[in-house]
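A short worksheet on the structure shown next.
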Amino acid sequence: MTTLFAQIDQDYIRAYKAKDSVRLSVLRLLKTAAKNRLVELKRPGGALTDAEMLQVIIKEGKQRQDSIEQYTKAQRPDLAEKEAAEWDILKEYLPQPLSEDELHALVDVTIAKVGAASPRDMGRVMTAIMAEYAGRVDGKILSAAVKARLQG
């Protein structure tokens with residue numbers, strides 16, 4: 001089984017050979033971010049685990065989402081479209097997101113598991129879910145779901 005780190009390397013080579021400039025650019029940025037993360041972890045020349053690589057991809061994805069939001073507010077659809085295309089490529093490396101029903105069931109189970117009773121316990125519920133389902137759930141959507149469940 002290929003690791004996520006190795007898969008990105010292989011896809012980079014394929015994109016280079018296919019002259020897919022957008023994919024090549026995204027994967028180049030991703031490889032650079034991964035190398036920077038390795039340096040931060042004091043493992044230059046090594047490889048990231050799938051969990052560490054997933055965190056790098058999530059971080060890059062959040063940057064794209066923020067950029068899309070900013071460009072849309074600034075009425076720059078050309079730049080927003082470019083960021084959206086990059087975000088679409090990054091999503092290919094993330095696990096399948098939870099459906100709305102799965103998310104609500106998970107929130108209910110986690111609330112019961114951690115014994116949350118009020119909105120003050122929201123942090124504990126969020127932390128428990130994000131730790132186990134990184135990359136499969138958006139923080140803003142999760143926050144809204146947990147808040148609605150704890151208030152209602």
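Naming scheme: A, B, ... for chains in displayed order of the structure tokens; residues 1 onward per chain; ligands 1 onward as shown.
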Against stretch 92-107 of chain A, which residues of stretch 53-84 of chain A fall within 12 Å? For each one I want the closest pair of atoms and the distance in Å (one decimal), counting only C-alpha atoms, rows by chain and increasing residue number, as a tab-separated table.
```
residue	atom	partner	partner_atom	distance
A:Met53	CA	A:Tyr93	CA	9.6
A:Leu54	CA	A:Leu94	CA	7.0
A:Gln55	CA	A:Leu94	CA	9.7
A:Val56	CA	A:Leu94	CA	10.6
A:Ile57	CA	A:Leu94	CA	7.5
A:Ile58	CA	A:Leu94	CA	7.8
A:Lys59	CA	A:Leu94	CA	11.4
A:Glu60	CA	A:Leu94	CA	11.4
A:Gly61	CA	A:Leu94	CA	9.6
```
Excluding A:Ala148 and any residue of its chain fewer than 5 positions from it, enumerate the residues within 10 Å of it, using only C-alpha atoms, and give them as a list in words.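 The residues that qualify are Pro119, Leu142 and Ser143 of chain A.
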Polymer residues at most 10 Å from A:Ile8, only C-alpha atoms, same-chain spacing of 5 or more positions, as a list in words: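 Near neighbours after the sequence-gap exclusion: Thr2, Thr3, Ile13, Arg14, Leu27, Arg28, Leu30, Lys31, Met53 and Tyr93 of chain A.
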Per-residue DSSP, stretch 9-133 of chain A, filtered to alpha helix (DSSP H), as an NGL selection string: :A and (9-18 or 21-40 or 50-73 or 77-91 or 100-114 or 122-132)
